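What follows is my_file18.txt (compact mmCIF, C-alpha atoms and all ligand atoms).
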```txt
# COMPACT_ATOMS: atom_id res chain seq x y z
CA MET I 1 65.89 -24.11 -153.83
CA GLN I 2 65.46 -24.99 -157.50
CA LEU I 3 62.04 -25.93 -158.87
CA VAL I 4 60.39 -26.54 -162.21
CA ILE I 5 56.63 -26.35 -162.75
CA ILE I 6 54.91 -28.65 -165.22
CA GLY I 7 51.25 -28.86 -166.12
CA PRO I 8 48.82 -28.48 -169.00
CA PRO I 9 48.12 -25.04 -170.50
CA GLY I 10 45.85 -23.15 -168.11
CA ALA I 11 46.87 -25.16 -165.03
CA GLY I 12 47.89 -21.94 -163.30
CA LYS I 13 51.66 -22.46 -163.61
CA GLY I 14 52.43 -18.76 -164.02
CA THR I 15 50.36 -17.66 -161.04
CA VAL I 16 51.78 -20.39 -158.81
CA ALA I 17 55.37 -19.69 -159.95
CA ALA I 18 55.05 -15.95 -159.27
CA ARG I 19 53.73 -16.61 -155.76
CA LEU I 20 56.42 -19.22 -155.07
CA ALA I 21 59.06 -16.75 -156.17
CA ARG I 22 57.78 -14.11 -153.71
CA ARG I 23 57.18 -16.53 -150.84
CA PHE I 24 60.48 -18.42 -151.04
CA GLY I 25 62.75 -15.73 -152.55
CA LEU I 26 63.29 -17.44 -155.90
CA VAL I 27 64.06 -16.00 -159.32
CA HIS I 28 61.02 -16.65 -161.55
CA LEU I 29 61.79 -17.53 -165.15
CA SER I 30 58.79 -18.13 -167.42
CA THR I 31 59.77 -19.17 -170.93
CA GLY I 32 56.29 -18.21 -172.21
CA ASP I 33 56.62 -14.68 -170.76
CA LEU I 34 60.18 -14.44 -172.07
CA LEU I 35 59.03 -15.32 -175.60
CA ARG I 36 55.97 -13.01 -175.49
CA GLU I 37 58.16 -10.14 -174.28
CA ALA I 38 60.75 -10.81 -177.00
CA SER I 39 58.00 -10.79 -179.60
CA ALA I 40 56.41 -7.57 -178.26
CA ALA I 41 59.84 -5.88 -178.18
CA GLY I 42 60.63 -7.02 -181.71
CA THR I 43 63.99 -8.61 -180.82
CA ALA I 44 65.68 -11.18 -183.06
CA LEU I 45 64.57 -13.93 -180.67
CA GLY I 46 61.00 -12.65 -180.87
CA ALA I 47 61.03 -12.57 -184.66
CA GLU I 48 62.44 -16.07 -184.82
CA THR I 49 59.92 -17.59 -182.40
CA LYS I 50 56.65 -15.67 -182.90
CA SER I 51 55.18 -18.04 -185.49
CA TYR I 52 55.62 -21.02 -183.15
CA VAL I 53 54.05 -19.26 -180.17
CA ASP I 54 51.12 -17.93 -182.23
CA ALA I 55 50.39 -21.42 -183.56
CA GLY I 56 50.65 -23.05 -180.11
CA ARG I 57 53.67 -25.13 -181.20
CA LEU I 58 56.90 -25.63 -179.28
CA VAL I 59 59.82 -23.33 -180.05
CA PRO I 60 62.78 -25.54 -181.08
CA GLN I 61 65.16 -26.39 -178.25
CA GLU I 62 68.14 -25.24 -180.38
CA ILE I 63 66.74 -21.71 -180.08
CA LEU I 64 65.41 -21.80 -176.52
CA GLY I 65 67.99 -23.93 -174.67
CA GLU I 66 70.82 -21.42 -174.69
CA VAL I 67 68.49 -18.57 -173.76
CA VAL I 68 67.32 -20.48 -170.69
CA ALA I 69 70.87 -21.51 -169.74
CA GLU I 70 72.02 -17.91 -170.05
CA ARG I 71 69.21 -16.57 -167.85
CA LEU I 72 69.77 -19.19 -165.15
CA ARG I 73 73.54 -19.08 -165.03
CA GLY I 74 74.70 -18.07 -161.55
CA GLU I 75 71.21 -18.36 -160.00
CA LYS I 76 71.09 -20.70 -157.02
CA ALA I 77 67.39 -20.36 -156.26
CA PHE I 78 64.86 -20.34 -159.06
CA VAL I 79 61.48 -21.50 -160.22
CA LEU I 80 61.33 -22.37 -163.88
CA ASP I 81 57.84 -22.06 -165.34
CA GLY I 82 57.03 -23.64 -168.71
CA TYR I 83 60.41 -25.35 -169.09
CA PRO I 84 61.20 -28.21 -169.59
CA ARG I 85 58.37 -29.25 -171.90
CA THR I 86 60.12 -32.17 -173.66
CA LEU I 87 62.45 -34.97 -172.59
CA GLU I 88 65.20 -33.30 -174.61
CA GLN I 89 64.76 -30.11 -172.57
CA ALA I 90 64.66 -32.07 -169.28
CA GLU I 91 67.96 -33.71 -170.15
CA PHE I 92 69.48 -30.39 -171.24
CA LEU I 93 68.50 -28.85 -167.89
CA ALA I 94 69.86 -31.82 -165.92
CA ALA I 95 73.21 -31.44 -167.69
CA LEU I 96 73.66 -27.75 -166.77
CA PRO I 97 76.45 -27.68 -164.17
CA PHE I 98 74.67 -25.19 -161.89
CA ALA I 99 71.26 -26.88 -161.96
CA ALA I 100 70.37 -29.32 -159.16
CA LEU I 101 66.59 -29.54 -158.95
CA ASP I 102 64.90 -30.05 -155.60
CA ALA I 103 61.55 -30.91 -157.17
CA ALA I 104 59.39 -30.87 -160.27
CA LEU I 105 55.96 -29.59 -159.31
CA TYR I 106 53.24 -31.12 -161.45
CA VAL I 107 49.98 -29.18 -161.32
CA ALA I 108 47.33 -31.69 -162.45
CA VAL I 109 44.08 -30.38 -164.00
CA PRO I 110 41.61 -32.41 -166.16
CA GLU I 111 41.06 -31.40 -169.79
CA ASP I 112 37.44 -30.16 -169.47
CA GLU I 113 38.54 -27.78 -166.71
CA ILE I 114 41.44 -26.54 -168.88
CA VAL I 115 39.16 -25.69 -171.80
CA ARG I 116 36.79 -23.80 -169.49
CA ARG I 117 39.63 -21.84 -167.82
CA LEU I 118 41.38 -20.82 -171.02
CA ALA I 119 38.15 -19.62 -172.60
CA ALA I 120 37.68 -17.30 -169.58
CA ARG I 121 41.32 -16.19 -169.17
CA VAL I 122 42.17 -12.52 -169.66
CA VAL I 123 45.56 -10.86 -169.42
CA CYS I 124 46.53 -7.23 -168.89
CA ALA I 125 46.86 -5.62 -172.33
CA SER I 126 49.74 -3.52 -171.04
CA CYS I 127 51.99 -5.91 -169.08
CA GLY I 128 50.54 -9.40 -169.67
CA ALA I 129 49.69 -10.16 -166.01
CA VAL I 130 46.95 -12.78 -165.72
CA GLY I 131 43.55 -11.41 -164.56
CA GLU I 132 41.51 -12.78 -161.69
CA GLY I 133 38.48 -13.71 -163.81
CA SER I 134 36.68 -12.91 -167.04
CA GLY I 135 35.57 -9.37 -167.92
CA GLU I 136 37.95 -7.58 -165.54
CA GLU I 137 37.14 -4.04 -164.51
CA ALA I 138 39.68 -3.49 -161.77
CA ALA I 139 43.15 -2.06 -162.41
CA CYS I 140 45.95 -4.53 -163.06
CA PRO I 141 47.63 -5.31 -159.71
CA LYS I 142 51.03 -5.37 -161.42
CA CYS I 143 51.07 -2.19 -163.56
CA GLY I 144 47.81 -0.31 -162.85
CA ALA I 145 46.48 -0.40 -166.43
CA THR I 146 42.75 -1.14 -166.87
CA ALA I 147 42.62 -2.80 -170.31
CA TRP I 148 42.18 -6.59 -170.33
CA GLU I 149 42.22 -8.90 -173.34
CA ALA I 150 42.26 -12.61 -174.22
CA ARG I 151 45.75 -14.05 -174.71
CA ALA I 152 46.42 -14.45 -178.43
CA ASP I 153 47.12 -18.18 -178.17
CA ASP I 154 43.97 -18.87 -176.10
CA ARG I 155 41.81 -19.09 -179.27
CA PRO I 156 39.97 -22.47 -179.30
CA GLU I 157 41.92 -23.92 -182.26
CA THR I 158 45.27 -22.91 -180.73
CA VAL I 159 44.24 -24.28 -177.33
CA ALA I 160 43.50 -27.64 -178.98
CA GLU I 161 46.98 -27.63 -180.54
CA ARG I 162 48.67 -26.63 -177.27
CA TYR I 163 46.85 -29.40 -175.42
CA ALA I 164 47.82 -31.98 -178.05
CA VAL I 165 51.46 -30.84 -177.85
CA TYR I 166 51.30 -31.08 -174.08
CA MET I 167 49.96 -34.66 -174.15
CA ARG I 168 52.50 -35.79 -176.73
CA ASP I 169 55.67 -33.98 -175.64
CA THR I 170 55.27 -32.88 -172.02
CA GLU I 171 53.49 -35.82 -170.35
CA PRO I 172 56.65 -37.97 -170.74
CA VAL I 173 58.52 -35.32 -168.73
CA ILE I 174 56.24 -36.10 -165.76
CA GLU I 175 57.33 -39.74 -165.87
CA TYR I 176 60.96 -38.65 -166.31
CA TYR I 177 60.85 -36.76 -162.99
CA ARG I 178 58.75 -39.41 -161.25
CA GLY I 179 61.42 -41.96 -162.15
CA ARG I 180 64.07 -39.75 -160.56
CA GLY I 181 62.11 -39.29 -157.33
CA LEU I 182 61.65 -35.56 -157.98
CA LEU I 183 57.95 -35.37 -158.84
CA LEU I 184 55.67 -33.45 -156.47
CA GLN I 185 52.11 -33.78 -157.72
CA ILE I 186 49.60 -31.09 -156.75
CA GLU I 187 45.86 -31.24 -157.38
CA GLY I 188 45.23 -28.15 -159.53
CA THR I 189 41.42 -28.12 -159.38
CA GLY I 190 39.45 -25.71 -157.19
CA ASP I 191 39.99 -21.98 -156.83
CA ARG I 192 43.34 -20.22 -156.83
CA GLU I 193 43.64 -19.95 -153.06
CA GLU I 194 42.97 -23.66 -152.59
CA VAL I 195 45.59 -24.58 -155.17
CA TRP I 196 48.06 -22.14 -153.67
CA ALA I 197 47.53 -23.57 -150.16
CA ARG I 198 48.43 -27.05 -151.46
CA VAL I 199 51.48 -25.78 -153.33
CA GLU I 200 52.73 -23.69 -150.43
CA ALA I 201 52.40 -26.58 -147.97
CA ALA I 202 54.23 -28.98 -150.29
CA VAL I 203 57.07 -26.57 -151.04
CA ALA I 204 57.39 -25.43 -147.40
CA ALA I 205 57.85 -29.09 -146.42
CA LEU I 206 60.50 -29.38 -149.09
CA ALA I 207 62.25 -26.20 -147.90
CA GLY I 208 62.19 -27.59 -144.34
CA ASP I 209 63.83 -30.78 -145.55
CA ASP I 210 66.38 -28.62 -147.33
CA ASP I 211 67.25 -26.70 -144.15
CA ASN I 212 67.72 -29.92 -142.25
CA GLY I 213 70.29 -31.02 -144.76
P1 LIG X 301 53.18 -20.65 -171.88
O1 LIG X 301 53.02 -19.22 -171.51
O2 LIG X 301 54.04 -21.41 -170.92
O3 LIG X 301 51.85 -21.33 -172.10
O4 LIG X 301 53.96 -20.68 -173.29
C1 LIG X 301 53.41 -20.06 -174.43
C2 LIG X 301 54.08 -20.58 -175.68
O5 LIG X 301 55.48 -20.29 -175.65
C3 LIG X 301 53.98 -22.08 -175.90
O6 LIG X 301 52.75 -22.47 -176.49
C4 LIG X 301 55.19 -22.31 -176.84
O7 LIG X 301 54.90 -21.87 -178.15
C5 LIG X 301 56.23 -21.35 -176.26
N1 LIG X 301 57.05 -22.01 -175.21
C6 LIG X 301 57.06 -21.72 -173.87
N2 LIG X 301 57.91 -22.53 -173.21
C7 LIG X 301 58.44 -23.36 -174.13
C8 LIG X 301 59.36 -24.45 -174.06
N3 LIG X 301 59.89 -24.86 -172.89
N4 LIG X 301 59.70 -25.06 -175.22
C9 LIG X 301 59.18 -24.67 -176.39
N5 LIG X 301 58.29 -23.69 -176.53
C10 LIG X 301 57.90 -23.03 -175.40
```
The structure in this file should be written as structure tokens.
Amino acid sequence: MQLVIIGPPGAGKGTVAARLARRFGLVHLSTGDLLREASAAGTALGAETKSYVDAGRLVPQEILGEVVAERLRGEKAFVLDGYPRTLEQAEFLAALPFAALDAALYVAVPEDEIVRRLAARVVCASCGAVGEGSGEEAACPKCGATAWEARADDRPETVAERYAVYMRDTEPVIEYYRGRGLLLQIEGTGDREEVWARVEAAVAALAGDDDNG
């Protein structure tokens, strides 16, 4: 199965993608994580893209496209989280010979909810895993560290920029997939378990369809 996840910043794409990957045995590729890791490791890609990520702007497709293609090459089952974010990227993905998407999952969350969630979001200072709520005290479920911090690009002015970029560049991608009969819209409001139950049911139905040919 091949999926992409689209939604505004703070919709819960990363959490949903990680759970989908475990539940359905998919490779999880998050372009945001990939770029944050490259920046933390000080690679050439990280150096080239850090200023875009810090400002909440999109990294140019000329830089990111080949990286994504390289990571996905040979993978039959994947969930792509945070890509595509523009029509250009959607068309690039569609043209990759090994990509044949089963669905584009659109996690819909209203703007006021997004602002509230991002203000409260904390990530593990050691590995970047997203916390369960604000002011975490428990150990990170992924790496065991106990230091939590706000994500650098969750500052209010950067959130405003990321949301504006989303409305301008990424909303057309939703219509692109709707027009191709691939859009699977999920209500992203409510708590994590509620959202996950909706996602799991929708994707399980899709996987069932897949099995039946
Ligand atoms: P995310 O973790 O998905 O919110 O992504 C964090 C940041 O990484 C974004 O604000 C962009 O600067 C950059 N980024 C992630 N995915 C893409 C993409 N598909 N195209 C361009 N920039 C991206």
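Near Thr86 of chain I, within a cut-off of 10 Å and counting only C-alpha atoms, sit the residues I:Leu58, I:Gln61, I:Tyr83, I:Gln89, I:Ala90, I:Glu91, I:Phe92, I:Val165, I:Tyr166, I:Arg168, I:Asp169, I:Thr170, I:Glu171, I:Pro172, I:Val173, I:Ile174, I:Tyr176, with same-chain residues fewer than 3 positions away left out.
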Take the point (54.0, -26.3, -156.7) as written in the file and pick out every residue within 7 Å of it, counting only C-alpha atoms; give the list as a short mmCIF file (atom, residue, chain, number, x, y, z; two decimals) with C-alpha atoms, keeping the file's coordinate frame.
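Result written to part-v5.cif:
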```cif
data_model
loop_
_atom_site.label_atom_id
_atom_site.label_comp_id
_atom_site.auth_asym_id
_atom_site.auth_seq_id
_atom_site.Cartn_x
_atom_site.Cartn_y
_atom_site.Cartn_z
CA ILE I 5 56.63 -26.35 -162.75
CA VAL I 16 51.78 -20.39 -158.81
CA LEU I 105 55.96 -29.59 -159.31
CA TYR I 106 53.24 -31.12 -161.45
CA VAL I 107 49.98 -29.18 -161.32
CA ILE I 186 49.60 -31.09 -156.75
CA VAL I 199 51.48 -25.78 -153.33
CA GLU I 200 52.73 -23.69 -150.43
CA ALA I 202 54.23 -28.98 -150.29
CA VAL I 203 57.07 -26.57 -151.04
#
```
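The nearest approach to Glu111 of chain I among the residues I:Val159, I:Ala139, I:Leu20, I:Ala47, with only C-alpha atoms taken into account, belongs to I:Val159.
The closest residue to ligand LIG 301 (chain X), picked from I:Arg116, I:Arg162, I:Arg151, I:Lys76 and counting all atoms listed in the file, is I:Arg162.
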Exercise. Do you know which residues are within 6 Å of ligand LIG 301 (chain X) using only C-alpha atoms and all ligand atoms? Can you write them as a PyMOL selection string?
Worked result: chain I and resi 9+31-33+52-53+56-60+82-85+162
